[in-house]
file upload_35.cif (mmCIF, C-alpha atoms and all ligand atoms)
data_final
#
loop_
_atom_site.label_atom_id
_atom_site.label_comp_id
_atom_site.auth_asym_id
_atom_site.auth_seq_id
_atom_site.Cartn_x
_atom_site.Cartn_y
_atom_site.Cartn_z
CA MET X 75 0.00 0.00 0.00
CA LYS X 76 1.24 3.44 -0.87
CA TYR X 77 -0.12 6.82 0.10
CA LEU X 78 -0.24 9.96 -2.06
CA ALA X 79 2.57 10.38 -4.58
CA ASP X 80 5.09 13.17 -4.35
CA VAL X 81 4.11 14.65 -1.03
CA THR X 82 6.85 13.52 1.34
CA THR X 83 9.24 16.12 2.70
CA LEU X 84 12.09 13.57 2.83
CA GLU X 85 15.41 14.99 1.70
CA TYR X 86 18.63 13.10 1.35
CA ASP X 87 22.12 14.37 0.67
CA ILE X 88 24.20 11.43 -0.49
CA GLY X 89 27.35 13.53 -0.21
CA LYS X 90 27.13 13.43 3.57
CA CYS X 91 26.48 9.69 3.84
CA THR X 92 29.09 7.66 5.67
CA GLY X 93 27.45 4.33 4.89
CA CYS X 94 26.60 3.39 8.48
CA ARG X 95 23.38 1.56 7.47
CA ARG X 96 21.28 3.06 10.29
CA CYS X 97 18.62 4.42 7.94
CA VAL X 98 18.17 0.98 6.38
CA GLU X 99 17.87 -0.50 9.86
CA VAL X 100 15.22 1.91 11.12
CA CYS X 101 12.97 2.63 8.15
CA PRO X 102 9.77 0.59 8.42
CA HIS X 103 9.02 0.95 4.72
CA GLY X 104 12.33 0.06 3.10
CA VAL X 105 12.81 3.53 1.67
CA PHE X 106 16.59 3.21 1.98
CA ALA X 107 18.86 0.48 0.66
CA MET X 108 22.64 0.23 0.50
CA GLU X 109 24.26 0.73 -2.87
CA ASP X 110 28.04 0.94 -3.27
CA LYS X 111 28.57 1.42 0.48
CA ARG X 112 26.18 4.33 0.61
CA ALA X 113 22.49 4.66 1.26
CA ALA X 114 20.21 5.18 -1.71
CA ILE X 115 16.52 5.98 -1.83
CA THR X 116 14.45 3.19 -3.34
CA ASP X 117 10.97 4.69 -3.46
CA ARG X 118 10.26 8.06 -1.89
CA ASP X 119 6.51 7.63 -2.08
CA LYS X 120 6.69 4.86 0.50
CA CYS X 121 7.94 7.33 3.11
CA MET X 122 5.46 8.02 5.91
CA GLU X 123 7.51 10.86 7.42
CA CYS X 124 8.05 9.12 10.73
CA GLY X 125 11.45 10.75 11.15
CA ALA X 126 13.32 7.68 12.40
CA CYS X 127 15.98 7.90 9.67
CA ALA X 128 16.71 11.59 10.16
CA LEU X 129 16.94 11.20 13.96
CA ASN X 130 19.36 8.32 13.66
CA CYS X 131 21.55 9.55 10.82
CA GLU X 132 24.60 10.82 12.64
CA SER X 133 26.06 12.63 9.69
CA GLY X 134 22.94 14.70 9.06
CA ALA X 135 22.46 13.42 5.54
CA ILE X 136 18.70 13.05 5.98
CA ALA X 137 16.05 15.64 6.74
CA VAL X 138 12.31 15.11 6.98
CA ASP X 139 9.47 17.15 8.34
CA SER X 140 7.97 14.51 10.59
CA GLY X 141 4.71 14.59 12.43
CA VAL X 142 1.54 12.75 13.19
CA GLY X 143 -0.76 11.80 10.38
CA CYS X 144 -4.05 12.11 12.28
CA ALA X 145 -6.54 14.16 10.31
CA ALA X 146 -8.35 15.28 13.46
CA ALA X 147 -5.12 16.44 15.05
CA ILE X 148 -4.05 18.31 11.94
CA ILE X 149 -7.42 20.07 11.70
CA THR X 150 -7.12 21.16 15.32
CA GLY X 151 -3.58 22.25 14.62
CA MET X 152 -4.71 24.25 11.58
CA LEU X 153 -7.46 25.94 13.58
CA THR X 154 -5.45 26.74 16.67
CA GLY X 155 -2.12 27.24 14.95
CA SER X 156 -0.49 24.76 17.31
CA GLU X 157 1.62 21.72 16.55
CA PRO X 158 -0.65 18.76 15.83
CA THR X 159 -0.57 16.04 18.48
CA CYS X 160 -2.16 12.66 18.14
CA GLY X 161 -5.11 11.30 20.08
CA CYS X 162 -2.72 8.70 21.43
CA ASP X 163 -2.93 10.25 24.88
CA SER X 164 -3.99 7.88 27.55
CA ASN X 165 -5.82 10.70 29.28
CA ASP X 166 -8.05 11.07 26.28
CA ASP X 167 -10.20 7.98 26.40
CA SER X 168 -10.42 7.52 22.65
CA GLY X 169 -6.82 6.44 22.50
CA SER X 170 -6.21 4.53 25.69
CA CYS X 171 -5.46 1.49 23.60
CA CYS X 172 -4.09 3.07 20.48
CA MET O 14 17.10 -1.17 42.21
CA GLN O 15 13.91 -3.17 42.12
CA LEU O 16 13.81 -6.26 39.95
CA MET O 17 10.53 -7.75 38.78
CA LYS O 18 9.78 -11.20 37.41
CA THR O 19 7.70 -11.99 34.40
CA SER O 20 7.02 -14.99 32.19
CA ALA O 21 6.02 -15.84 28.65
CA GLU O 22 2.64 -17.16 29.76
CA ILE O 23 -0.53 -15.11 29.29
CA SER O 24 -3.33 -15.95 31.70
CA ARG O 25 -7.01 -16.26 30.84
CA SER O 26 -7.94 -13.14 32.73
CA GLU O 27 -5.26 -11.26 30.78
CA ARG O 28 -6.74 -12.49 27.51
CA TRP O 29 -10.13 -11.15 28.54
CA GLU O 30 -8.53 -7.82 29.46
CA HIS O 31 -6.89 -7.65 26.04
CA PHE O 32 -10.27 -8.11 24.40
CA LYS O 33 -11.85 -5.37 26.50
CA CYS O 34 -8.96 -3.08 25.77
CA ARG O 35 -9.21 -3.59 22.02
CA THR O 36 -12.92 -2.94 21.92
CA GLY O 37 -12.66 0.18 24.01
CA ALA O 38 -14.67 -1.33 26.87
CA PHE O 39 -11.65 -0.97 29.11
CA ARG O 40 -11.72 2.42 30.69
CA ASP O 41 -8.65 2.46 32.90
CA LYS O 42 -5.14 2.85 31.69
CA TYR O 43 -3.78 -0.55 30.85
CA LEU O 44 -0.19 -0.49 31.97
CA VAL O 45 2.67 -2.30 33.64
CA ALA O 46 5.09 -0.79 36.13
CA PRO O 47 8.20 0.59 34.42
CA GLY O 48 11.56 -0.92 35.38
CA LEU O 49 13.68 -3.99 34.83
CA TYR O 50 12.04 -7.40 34.46
CA ALA O 51 13.65 -10.81 34.42
CA LEU O 52 12.05 -13.24 32.00
CA GLY O 53 13.14 -16.82 32.62
CA GLU O 54 16.55 -17.04 34.30
CA PRO O 55 18.66 -14.33 32.67
CA ASP O 56 22.30 -13.95 33.66
CA GLU O 57 24.86 -11.21 33.13
CA ASN O 58 25.26 -12.14 29.48
CA ALA O 59 21.56 -12.23 28.64
CA ASP O 60 20.13 -9.78 26.14
CA VAL O 61 18.27 -6.67 27.20
CA LEU O 62 15.03 -5.85 25.41
CA ILE O 63 13.38 -2.47 25.67
CA SER O 64 9.59 -2.18 25.84
CA ALA O 65 6.83 0.35 26.44
CA ASN O 66 4.65 0.06 29.53
CA TYR O 67 1.43 -0.39 27.57
CA LYS O 68 0.37 -3.79 28.84
CA LEU O 69 -0.97 -4.98 25.49
CA SER O 70 2.46 -4.43 23.88
CA PHE O 71 4.35 -5.84 26.84
CA ASP O 72 2.21 -8.98 26.85
CA ALA O 73 2.56 -9.35 23.08
CA LEU O 74 6.32 -9.18 23.53
CA ARG O 75 6.75 -11.67 26.37
CA GLN O 76 4.38 -14.11 24.71
CA GLU O 77 6.85 -14.44 21.84
CA LEU O 78 9.79 -15.14 24.11
CA LYS O 79 8.89 -18.64 25.27
CA GLY O 80 11.91 -20.63 26.34
CA LEU O 81 14.24 -17.62 26.34
CA SER O 82 15.93 -15.95 29.27
CA LEU O 83 16.28 -12.22 28.93
CA TRP O 84 16.02 -8.88 30.61
CA ILE O 85 13.17 -6.58 29.66
CA LEU O 86 13.60 -2.92 30.50
CA VAL O 87 10.19 -1.28 30.50
CA LEU O 88 10.10 2.46 29.85
CA ASP O 89 7.43 4.71 31.28
CA THR O 90 5.42 5.62 28.20
CA LYS O 91 2.28 6.43 30.21
CA GLY O 92 0.57 3.29 29.00
CA ILE O 93 1.01 4.06 25.32
CA ASN O 94 2.39 1.63 22.73
CA VAL O 95 5.88 1.96 21.30
CA TRP O 96 4.83 3.44 17.99
CA CYS O 97 2.65 6.24 19.38
CA ALA O 98 4.94 6.89 22.33
CA ALA O 99 8.01 7.18 20.12
CA GLY O 100 6.20 9.73 17.98
CA LYS O 101 5.45 11.73 21.10
CA GLY O 102 8.93 11.29 22.50
CA THR O 103 7.90 9.47 25.69
CA PHE O 104 9.51 6.36 24.27
CA GLY O 105 12.68 8.29 23.65
CA THR O 106 16.35 8.82 24.25
CA ASP O 107 15.96 10.65 27.58
CA GLU O 108 13.59 8.12 29.12
CA LEU O 109 15.79 5.23 27.97
CA VAL O 110 18.93 6.80 29.40
CA ARG O 111 17.14 7.50 32.69
CA ARG O 112 15.82 3.92 33.00
CA ILE O 113 19.22 2.42 32.22
CA GLY O 114 20.65 4.44 35.08
CA GLU O 115 17.81 3.73 37.48
CA ALA O 116 17.96 -0.02 36.88
CA GLY O 117 21.73 -0.01 37.31
CA LEU O 118 21.90 -1.91 34.05
CA ASP O 119 25.67 -1.62 33.77
CA GLU O 120 25.91 -3.72 36.96
CA VAL O 121 23.25 -6.23 35.91
CA VAL O 122 24.84 -7.20 32.60
CA ARG O 123 28.43 -7.38 31.47
CA HIS O 124 27.80 -6.65 27.80
CA ARG O 125 26.71 -3.27 26.43
CA ARG O 126 23.97 -4.19 23.98
CA LEU O 127 20.33 -3.12 23.91
CA MET O 128 17.60 -4.33 21.62
CA VAL O 129 15.10 -1.57 20.96
CA PRO O 130 11.97 -2.31 18.91
CA GLN O 131 12.45 -0.85 15.45
CA LEU O 132 9.37 1.34 15.67
CA GLY O 133 10.99 2.99 18.69
CA ALA O 134 13.61 4.49 16.39
CA VAL O 135 11.29 7.42 15.81
CA GLY O 136 12.04 8.50 19.40
CA VAL O 137 15.38 6.88 20.21
CA ASN O 138 18.61 8.33 18.90
CA ALA O 139 20.98 5.38 19.03
CA ALA O 140 24.16 7.44 18.77
CA GLU O 141 23.13 9.64 21.68
CA VAL O 142 22.22 6.65 23.86
CA ARG O 143 25.68 5.27 23.23
CA ARG O 144 27.38 8.56 24.08
CA ARG O 145 25.44 8.95 27.31
CA THR O 146 25.38 5.36 28.60
CA GLY O 147 27.91 3.31 26.66
CA PHE O 148 25.15 0.95 25.51
CA LYS O 149 24.96 0.18 21.83
CA VAL O 150 21.44 0.10 20.45
CA SER O 151 20.36 -2.27 17.76
CA PHE O 152 16.89 -1.82 16.44
CA GLY O 153 15.22 -5.19 16.44
CA PRO O 154 12.45 -6.41 14.18
CA VAL O 155 9.14 -4.57 13.82
CA ARG O 156 7.14 -7.56 15.06
CA ALA O 157 7.85 -9.22 18.38
CA SER O 158 7.23 -12.61 16.78
CA ASP O 159 10.41 -12.19 14.72
CA ILE O 160 12.63 -11.61 17.78
CA PRO O 161 13.70 -15.25 18.29
CA SER O 162 14.72 -15.70 14.65
CA TYR O 163 16.42 -12.30 14.67
CA MET O 164 18.49 -13.36 17.67
CA ARG O 165 19.31 -16.74 16.14
CA ALA O 166 20.47 -14.98 12.97
CA GLY O 167 23.02 -13.03 14.98
CA TYR O 168 20.97 -9.82 15.28
CA LYS O 169 20.44 -9.51 11.57
CA LYS O 170 17.13 -8.48 10.11
CA THR O 171 15.73 -9.53 6.81
CA SER O 172 14.00 -6.71 4.97
CA GLU O 173 10.75 -8.54 5.68
CA MET O 174 11.45 -8.24 9.43
CA SER O 175 12.02 -4.52 9.24
CA THR O 176 9.01 -3.71 7.12
CA ILE O 177 5.77 -2.77 8.78
CA ARG O 178 2.71 -4.55 7.50
CA PHE O 179 -0.88 -3.53 7.52
CA LYS O 180 -2.92 -6.62 6.88
CA MET O 181 -6.65 -6.97 7.03
CA MET O 182 -6.48 -8.31 10.59
CA ASP O 183 -4.31 -5.36 11.68
CA ARG O 184 -6.87 -3.01 10.22
CA LEU O 185 -9.83 -4.90 11.62
CA VAL O 186 -8.65 -4.60 15.23
CA LEU O 187 -8.41 -0.84 14.75
CA THR O 188 -11.99 -0.36 13.60
CA PRO O 189 -13.65 -0.24 17.04
CA MET O 190 -11.45 2.77 17.77
CA GLU O 191 -12.69 4.39 14.57
CA MET O 192 -16.33 3.58 15.36
CA ASN O 193 -16.32 4.86 18.95
CA PRO O 194 -15.82 8.57 18.30
CA VAL O 195 -18.38 8.69 15.47
CA LEU O 196 -20.94 6.79 17.51
CA LYS O 197 -20.58 9.46 20.18
CA LYS O 198 -21.51 12.12 17.65
CA TYR O 199 -24.44 10.17 16.23
CA PRO O 200 -27.04 11.35 18.79
CA TRP O 201 -26.43 14.96 17.67
CA PHE O 202 -26.98 14.01 14.06
CA ALA O 203 -30.12 12.05 15.01
CA ALA O 204 -31.49 14.97 17.02
CA GLY O 205 -30.91 17.32 14.08
CA ILE O 206 -32.65 15.01 11.62
CA LEU O 207 -35.64 14.42 13.88
CA LEU O 208 -35.99 18.12 14.48
CA LEU O 209 -35.81 18.97 10.78
CA PHE O 210 -38.38 16.42 9.76
CA GLY O 211 -40.58 16.95 12.78
CA LEU O 212 -40.85 20.61 11.97
CA GLN O 213 -44.20 21.08 10.26
CA ARG O 214 -46.44 24.06 9.70
CA GLU O 215 -48.53 22.77 12.57
CA GLY O 216 -45.51 22.72 14.89
CA ILE O 217 -43.20 19.88 15.78
CA LEU O 218 -44.88 16.58 15.06
CA PHE O 219 -43.34 13.49 16.48
CA SER O 220 -44.97 11.14 13.99
CA SER O 221 -43.61 12.91 10.93
CA ALA O 222 -40.22 13.29 12.60
CA TRP O 223 -40.02 9.53 12.97
CA ASP O 224 -41.61 8.54 9.67
CA GLU O 225 -39.71 10.91 7.46
CA GLY O 226 -36.56 11.01 9.55
CA LEU O 227 -36.02 7.27 9.89
CA PRO O 228 -34.53 6.70 6.40
CA PHE O 229 -31.97 9.41 7.12
CA LEU O 230 -31.11 8.02 10.53
CA LEU O 231 -30.42 4.69 8.83
CA LEU O 232 -28.41 6.34 6.06
CA GLY O 233 -26.37 8.08 8.72
CA LEU O 234 -25.53 4.71 10.24
CA ALA O 235 -24.70 3.33 6.81
CA ALA O 236 -22.31 6.22 6.14
CA MET O 237 -20.60 5.65 9.48
CA VAL O 238 -20.14 1.96 8.79
CA ALA O 239 -18.82 2.80 5.30
CA GLY O 240 -16.26 5.27 6.63
CA ALA O 241 -15.19 3.71 9.89
CA PHE O 242 -15.46 0.02 9.13
CA ILE O 243 -15.69 -0.91 5.46
CA THR O 244 -13.10 1.56 4.20
CA PRO O 245 -10.43 0.54 6.75
CA VAL O 246 -11.03 -3.18 6.30
CA LEU O 247 -11.13 -3.17 2.49
CA LEU O 248 -8.52 -0.41 2.23
CA PRO O 249 -6.20 -1.79 -0.49
CA PHE O 250 -9.12 -3.04 -2.56
CA ILE O 251 -10.80 0.34 -2.89
CA PRO O 252 -9.43 2.35 -5.81
CA PHE O 253 -7.27 5.48 -5.41
CA ARG O 254 -4.64 6.22 -2.79
CA SER O 255 -6.44 9.15 -1.22
CA PHE O 256 -8.43 8.19 1.86
CA SER O 257 -11.06 10.83 1.21
CA ILE O 258 -11.73 9.41 -2.24
CA LYS O 259 -11.78 5.85 -0.89
CA GLY O 260 -14.30 6.93 1.74
CA LEU O 261 -16.35 8.76 -0.85
CA ILE O 262 -16.55 5.65 -3.01
CA THR O 263 -17.58 3.32 -0.19
CA GLY O 264 -20.02 5.92 1.07
CA PHE O 265 -21.58 6.28 -2.34
CA VAL O 266 -21.90 2.53 -2.82
CA MET O 267 -23.36 2.19 0.68
CA VAL O 268 -25.99 4.88 0.07
CA PHE O 269 -26.83 3.30 -3.24
CA LEU O 270 -27.26 -0.16 -1.70
CA ALA O 271 -29.15 1.24 1.27
CA SER O 272 -31.54 2.99 -1.12
CA LEU O 273 -32.72 -0.42 -2.27
CA VAL O 274 -34.02 -1.16 1.22
CA PRO O 275 -37.77 -0.42 1.30
CA VAL O 276 -37.69 1.81 4.43
CA ILE O 277 -35.10 4.00 2.78
CA THR O 278 -36.45 3.83 -0.78
CA ARG O 279 -39.45 5.98 0.12
CA SER O 280 -37.15 8.87 1.02
CA GLN O 281 -35.77 8.70 -2.51
CA ASP O 282 -39.01 9.63 -4.27
CA ASP O 283 -38.26 13.28 -3.99
CA ALA O 284 -35.47 14.49 -6.29
CA LEU O 285 -34.27 17.13 -3.84
CA LEU O 286 -33.97 14.64 -1.01
CA ARG O 287 -32.31 12.11 -3.23
CA ALA O 288 -29.73 14.65 -4.33
CA ALA O 289 -29.08 15.68 -0.73
CA THR O 290 -28.64 12.05 0.31
CA PHE O 291 -26.13 11.26 -2.38
CA LEU O 292 -24.20 14.40 -1.59
CA PHE O 293 -24.19 14.40 2.18
CA PHE O 294 -23.72 10.79 3.21
CA PRO O 295 -20.80 9.92 0.91
CA ALA O 296 -19.15 13.12 2.18
CA VAL O 297 -19.66 11.94 5.78
CA SER O 298 -18.15 8.58 4.94
CA SER O 299 -15.24 10.31 3.23
CA TYR O 300 -14.55 12.51 6.24
CA ILE O 301 -14.65 9.57 8.62
CA ALA O 302 -12.40 7.52 6.34
CA LEU O 303 -9.88 10.34 6.34
CA GLN O 304 -9.64 10.04 10.12
CA PHE O 305 -8.26 6.56 9.64
CA THR O 306 -5.00 8.07 8.35
CA GLY O 307 -4.19 8.59 12.02
CA SER O 308 -4.12 4.84 12.64
CA THR O 309 -2.51 3.49 9.52
CA THR O 310 1.12 2.54 9.31
CA TYR O 311 1.89 4.13 5.99
CA THR O 312 0.30 7.57 5.71
CA GLY O 313 2.41 10.64 6.34
CA MET O 314 1.55 14.10 7.57
CA SER O 315 2.14 15.94 4.30
CA GLY O 316 -0.29 13.70 2.45
CA VAL O 317 -3.00 14.14 5.08
CA LYS O 318 -2.49 17.89 4.99
CA LYS O 319 -2.90 17.86 1.23
CA GLU O 320 -6.11 15.85 1.52
CA LEU O 321 -7.46 18.22 4.12
CA ARG O 322 -6.62 21.32 2.11
CA ILE O 323 -8.72 20.01 -0.74
CA GLY O 324 -11.27 18.05 1.28
CA VAL O 325 -12.37 20.36 4.06
CA PRO O 326 -13.82 23.07 1.78
CA LEU O 327 -15.61 20.35 -0.20
CA TYR O 328 -17.05 18.81 2.97
CA ILE O 329 -18.32 22.15 4.16
CA GLY O 330 -19.71 22.81 0.67
CA ALA O 331 -21.44 19.43 0.53
CA ALA O 332 -23.01 19.95 3.96
CA ALA O 333 -24.19 23.45 3.05
CA VAL O 334 -25.70 22.41 -0.28
CA SER O 335 -27.41 19.40 1.35
CA LEU O 336 -28.93 21.70 3.93
CA LEU O 337 -30.18 24.06 1.22
CA LEU O 338 -31.72 21.16 -0.68
CA LEU O 339 -33.43 20.05 2.51
CA VAL O 340 -34.77 23.52 3.17
CA ALA O 341 -36.02 23.71 -0.42
CA PHE O 342 -37.73 20.35 0.08
CA LYS O 343 -39.36 21.56 3.30
CA LEU O 344 -40.61 24.74 1.70
CA GLY O 345 -42.05 22.71 -1.18
CA ASP O 346 -43.58 20.31 1.31
CA TRP O 347 -45.29 23.18 3.09
CA GLY O 348 -46.54 24.56 -0.17
CA ILE O 349 -44.55 27.77 0.12
CA LEU O 350 -42.36 27.11 -2.90
S1 LIG X 401 22.09 6.81 8.37
FE1 LIG X 401 22.94 8.54 7.25
S2 LIG X 401 25.13 8.13 7.13
FE2 LIG X 401 24.14 6.22 7.74
S3 LIG X 401 23.82 5.11 5.83
FE3 LIG X 401 21.97 6.26 6.21
S4 LIG X 401 22.24 8.22 5.16
FE4 LIG X 401 24.24 7.25 5.28
S1 LIG X 402 10.86 9.24 7.57
FE1 LIG X 402 10.40 7.15 8.27
S2 LIG X 402 9.34 6.22 6.52
FE2 LIG X 402 10.37 8.04 5.74
S3 LIG X 402 12.33 7.30 5.00
FE3 LIG X 402 12.65 7.97 7.10
S4 LIG X 402 12.37 6.15 8.33
FE4 LIG X 402 11.52 5.70 6.33
#

call {"tool": "encode", "arguments": {"input": "upload_35.cif", "output": "structure tokens"}}
result
Amino acid sequence: MKYLADVTTLEYDIGKCTGCRRCVEVCPHGVFAMEDKRAAITDRDKCMECGACALNCESGAIAVDSGVGCAAAIITGMLTGSEPTCGCDSNDDSGSCC
Amino acid sequence: MQLMKTSAEISRSERWEHFKCRTGAFRDKYLVAPGLYALGEPDENADVLISANYKLSFDALRQELKGLSLWILVLDTKGINVWCAAGKGTFGTDELVRRIGEAGLDEVVRHRRLMVPQLGAVGVNAAEVRRRTGFKVSFGPVRASDIPSYMRAGYKKTSEMSTIRFKMMDRLVLTPMEMNPVLKKYPWFAAGILLLFGLQREGILFSSAWDEGLPFLLLGLAAMVAGAFITPVLLPFIPFRSFSIKGLITGFVMVFLASLVPVITRSQDDALLRAATFLFFPAVSSYIALQFTGSTTYTGMSGVKKELRIGVPLYIGAAAVSLLLLVAFKLGDWGIL
């Protein structure tokens, strides 16, 4: 399953890659693969902007604008101008078992 | 340091709790105490697994570890699963570093390896954990069931192990959580419909409210089921990638099928009402389906934002036009138009 094409904010600068393999290890959608001792992007559209790769790339080769994908949270964020947060809170009963 | 014992066995009462938790019938927080647990008879060379303190995740983890002896370090994620907690940062570098210190982990084990669930990588910066504690993080498989084979393979993941899946069963267990919030809003919708159809020149008539309103109450339910149940379950089989379009399609099909039911058919005699029905209810289904992006494992924020930018004005438009059609119908009904 793939979500909308061409929307991800994922950016990758191969020049900074040291080939540590972390991004391949953490990405849950196989967006990165090793090619000639460096990471290469396989399919950008599979990226869900979770941010795991950018957080764990020590050389700063990856940047992504990560955030929650909850429509309700984003609407609230749009209305109040605040950062969207997910209904995953245990104090909000809808998500006690998210 | 306090050490707790745990096992790979899940009791019957725990199974019942899991069911209640999944269906939303469980009101309290479902959590385990954070800290270090010994599963089996771990020694100073045994592996250390990191987990969230959401009991459903913790139980899912230990269930897969039958016959193994390991340490499980449970972080305080306020009873939230790894995936959500990592996104929020409660399953994160700081909490991990703090728990390692509190448990005196460097005294408990001789090695310096930690196995963090892969989905925790959204919150855990492996390099920083190493700098601050000396422990080297490897991100284990996405699914707990792959942990034994991952360990046997010498801590190597196949790409299958590191890819998140979203099968029909995964989606099905999420649907009660999609249904709950919409069901809570249903009484408001029902009250509005009954009021609109009860409103007659003679005043508010209960009989006409019920007779004329009933088809719409049922269509409302149909739209909810289309958006919160059918769309999530049949997700990959519904055309288009956009959730709002998927929801629109299922909603439209649902309204069409529902219109064949005699109780609902009579509301379709009037062209204005029919138009309003086919506009409003698919839009409701579409909106509800869009909410499911919050629970999937493959939709990103930018895509949802794009859908909302296009969708929200259309939803508001559809609701407004439906209301106008309804008013026009009422005026005609009263002989004013
Ligand atoms: S994590 Fe960064 S440095 Fe390491 S392989 Fe990936 S892109 Fe290259
Ligand atoms: S943001 Fe997440 S899904 Fe996207 S490439 Fe990085 S790890 Fe993969």

call {"tool": "residues_near_ligand", "arguments": {"input": "upload_35.cif", "ligand": "ligand LIG 402 (chain X)", "cutoff": "6 Å", "atoms": "only C-alpha atoms and all ligand atoms", "output": "list in words"}}
result
Val100, Cys101, Pro102, His103, Val105, Cys121, Met122, Glu123, Cys124, Gly125, Ala126 and Cys127 of chain X

call {"tool": "residues_near_ligand", "arguments": {"input": "upload_35.cif", "ligand": "ligand LIG 401 (chain X)", "cutoff": "7 Å", "atoms": "only C-alpha atoms and all ligand atoms", "output": "PyMOL selection string"}}
result
chain X and resi 88+90-98+112-113+127+130-136

call {"tool": "residues_around", "arguments": {"input": "upload_35.cif", "residues": "stretch 94-101 of chain O", "least_positions_apart": "2", "cutoff": "6 Å", "atoms": "all atoms listed in the file", "output": "compact mmCIF listing (two decimals) with C-alpha atoms, in the coordinates of the input"}}
result
# COMPACT_ATOMS: atom_id res chain seq x y z
CA ALA O 65 6.83 0.35 26.44
CA TYR O 67 1.43 -0.39 27.57
CA THR O 103 7.90 9.47 25.69
CA PHE O 104 9.51 6.36 24.27
CA GLY O 105 12.68 8.29 23.65
CA LEU O 132 9.37 1.34 15.67
CA GLY O 133 10.99 2.99 18.69
CA VAL O 135 11.29 7.42 15.81
CA GLY O 136 12.04 8.50 19.40

call {"tool": "closest_residue", "arguments": {"input": "upload_35.cif", "among": "X:Leu78, X:Ile115, X:Leu153, X:Ala137", "to": "chain O", "atoms": "all atoms listed in the file"}}
result
X:Leu78

call {"tool": "closest_atom_pairs", "arguments": {"input": "upload_35.cif", "of": "stretch 174-276 of chain O", "to": "stretch 317-339 of chain O", "cutoff": "9 Å", "atoms": "all atoms listed in the file", "output": "JSON lines"}}
result
{"residue": "O:Leu209", "atom": "CA", "partner": "O:Leu339", "partner_atom": "CA", "distance": 8.7}
{"residue": "O:Ser255", "atom": "CA", "partner": "O:Glu320", "partner_atom": "CA", "distance": 7.2}
{"residue": "O:Phe256", "atom": "CA", "partner": "O:Glu320", "partner_atom": "CA", "distance": 8.0}
{"residue": "O:Ser257", "atom": "CA", "partner": "O:Glu320", "partner_atom": "CA", "distance": 7.1}

call {"tool": "residues_around", "arguments": {"input": "upload_35.cif", "residues": "O:Val268", "least_positions_apart": "2", "cutoff": "10 Å", "atoms": "all atoms listed in the file", "output": "PDB file with C-alpha atoms, in the frame of the given file"}}
result
ATOM      1  CA  LEU O 231     -30.420   4.690   8.830  1.00  0.00           C
ATOM      2  CA  LEU O 232     -28.410   6.340   6.060  1.00  0.00           C
ATOM      3  CA  GLY O 233     -26.370   8.080   8.720  1.00  0.00           C
ATOM      4  CA  ALA O 235     -24.700   3.330   6.810  1.00  0.00           C
ATOM      5  CA  ALA O 236     -22.310   6.220   6.140  1.00  0.00           C
ATOM      6  CA  ALA O 239     -18.820   2.800   5.300  1.00  0.00           C
ATOM      7  CA  ILE O 262     -16.550   5.650  -3.010  1.00  0.00           C
ATOM      8  CA  THR O 263     -17.580   3.320  -0.190  1.00  0.00           C
ATOM      9  CA  GLY O 264     -20.020   5.920   1.070  1.00  0.00           C
ATOM     10  CA  PHE O 265     -21.580   6.280  -2.340  1.00  0.00           C
ATOM     11  CA  VAL O 266     -21.900   2.530  -2.820  1.00  0.00           C
ATOM     12  CA  LEU O 270     -27.260  -0.160  -1.700  1.00  0.00           C
ATOM     13  CA  ALA O 271     -29.150   1.240   1.270  1.00  0.00           C
ATOM     14  CA  SER O 272     -31.540   2.990  -1.120  1.00  0.00           C
ATOM     15  CA  LEU O 273     -32.720  -0.420  -2.270  1.00  0.00           C
ATOM     16  CA  ILE O 277     -35.100   4.000   2.780  1.00  0.00           C
ATOM     17  CA  THR O 290     -28.640  12.050   0.310  1.00  0.00           C
ATOM     18  CA  PHE O 291     -26.130  11.260  -2.380  1.00  0.00           C
ATOM     19  CA  LEU O 292     -24.200  14.400  -1.590  1.00  0.00           C
ATOM     20  CA  PHE O 293     -24.190  14.400   2.180  1.00  0.00           C
ATOM     21  CA  PHE O 294     -23.720  10.790   3.210  1.00  0.00           C
ATOM     22  CA  PRO O 295     -20.800   9.920   0.910  1.00  0.00           C
ATOM     23  CA  SER O 298     -18.150   8.580   4.940  1.00  0.00           C
TER      24      SER O 298
END

call {"tool": "closest_atom_pairs", "arguments": {"input": "upload_35.cif", "of": "chain O", "to": "chain X", "cutoff": "6 Å", "atoms": "all atoms listed in the file", "output": "CSV"}}
result
residue,atom,partner,partner_atom,distance
O:Gln131,CA,X:Val100,CA,5.8
O:Ala134,CA,X:Ala126,CA,5.1
O:Val135,CA,X:Ala126,CA,4.0
O:Asn138,CA,X:Asn130,CA,5.3
O:Ser175,CA,X:Pro102,CA,5.6
O:Thr176,CA,X:Pro102,CA,4.6
O:Ile177,CA,X:Pro102,CA,5.2
O:Arg254,CA,X:Tyr77,CA,5.4
O:Gln304,CA,X:Ala145,CA,5.2
O:Thr306,CA,X:Cys144,CA,5.7
O:Gly307,CA,X:Cys144,CA,3.5
O:Tyr311,CA,X:Met122,CA,5.3
O:Thr312,CA,X:Met122,CA,5.2
O:Gly313,CA,X:Met122,CA,4.0
O:Met314,CA,X:Gly143,CA,4.3
O:Ser315,CA,X:Val81,CA,5.8
O:Gly316,CA,X:Val81,CA,5.7

call {"tool": "residues_around", "arguments": {"input": "upload_35.cif", "residues": "O:Ala241", "least_positions_apart": "6", "cutoff": "12 Å", "atoms": "only C-alpha atoms", "output": "MDAnalysis selection string"}}
result
chainID O and resid 184:196 234:235 247:248 256:257 259:261 263:264 297:306 308

call {"tool": "atom_distance", "arguments": {"input": "upload_35.cif", "atom1": "atom CA of O:Lys33", "atom2": "atom CA of O:Val45"}}
result
16.5 Å
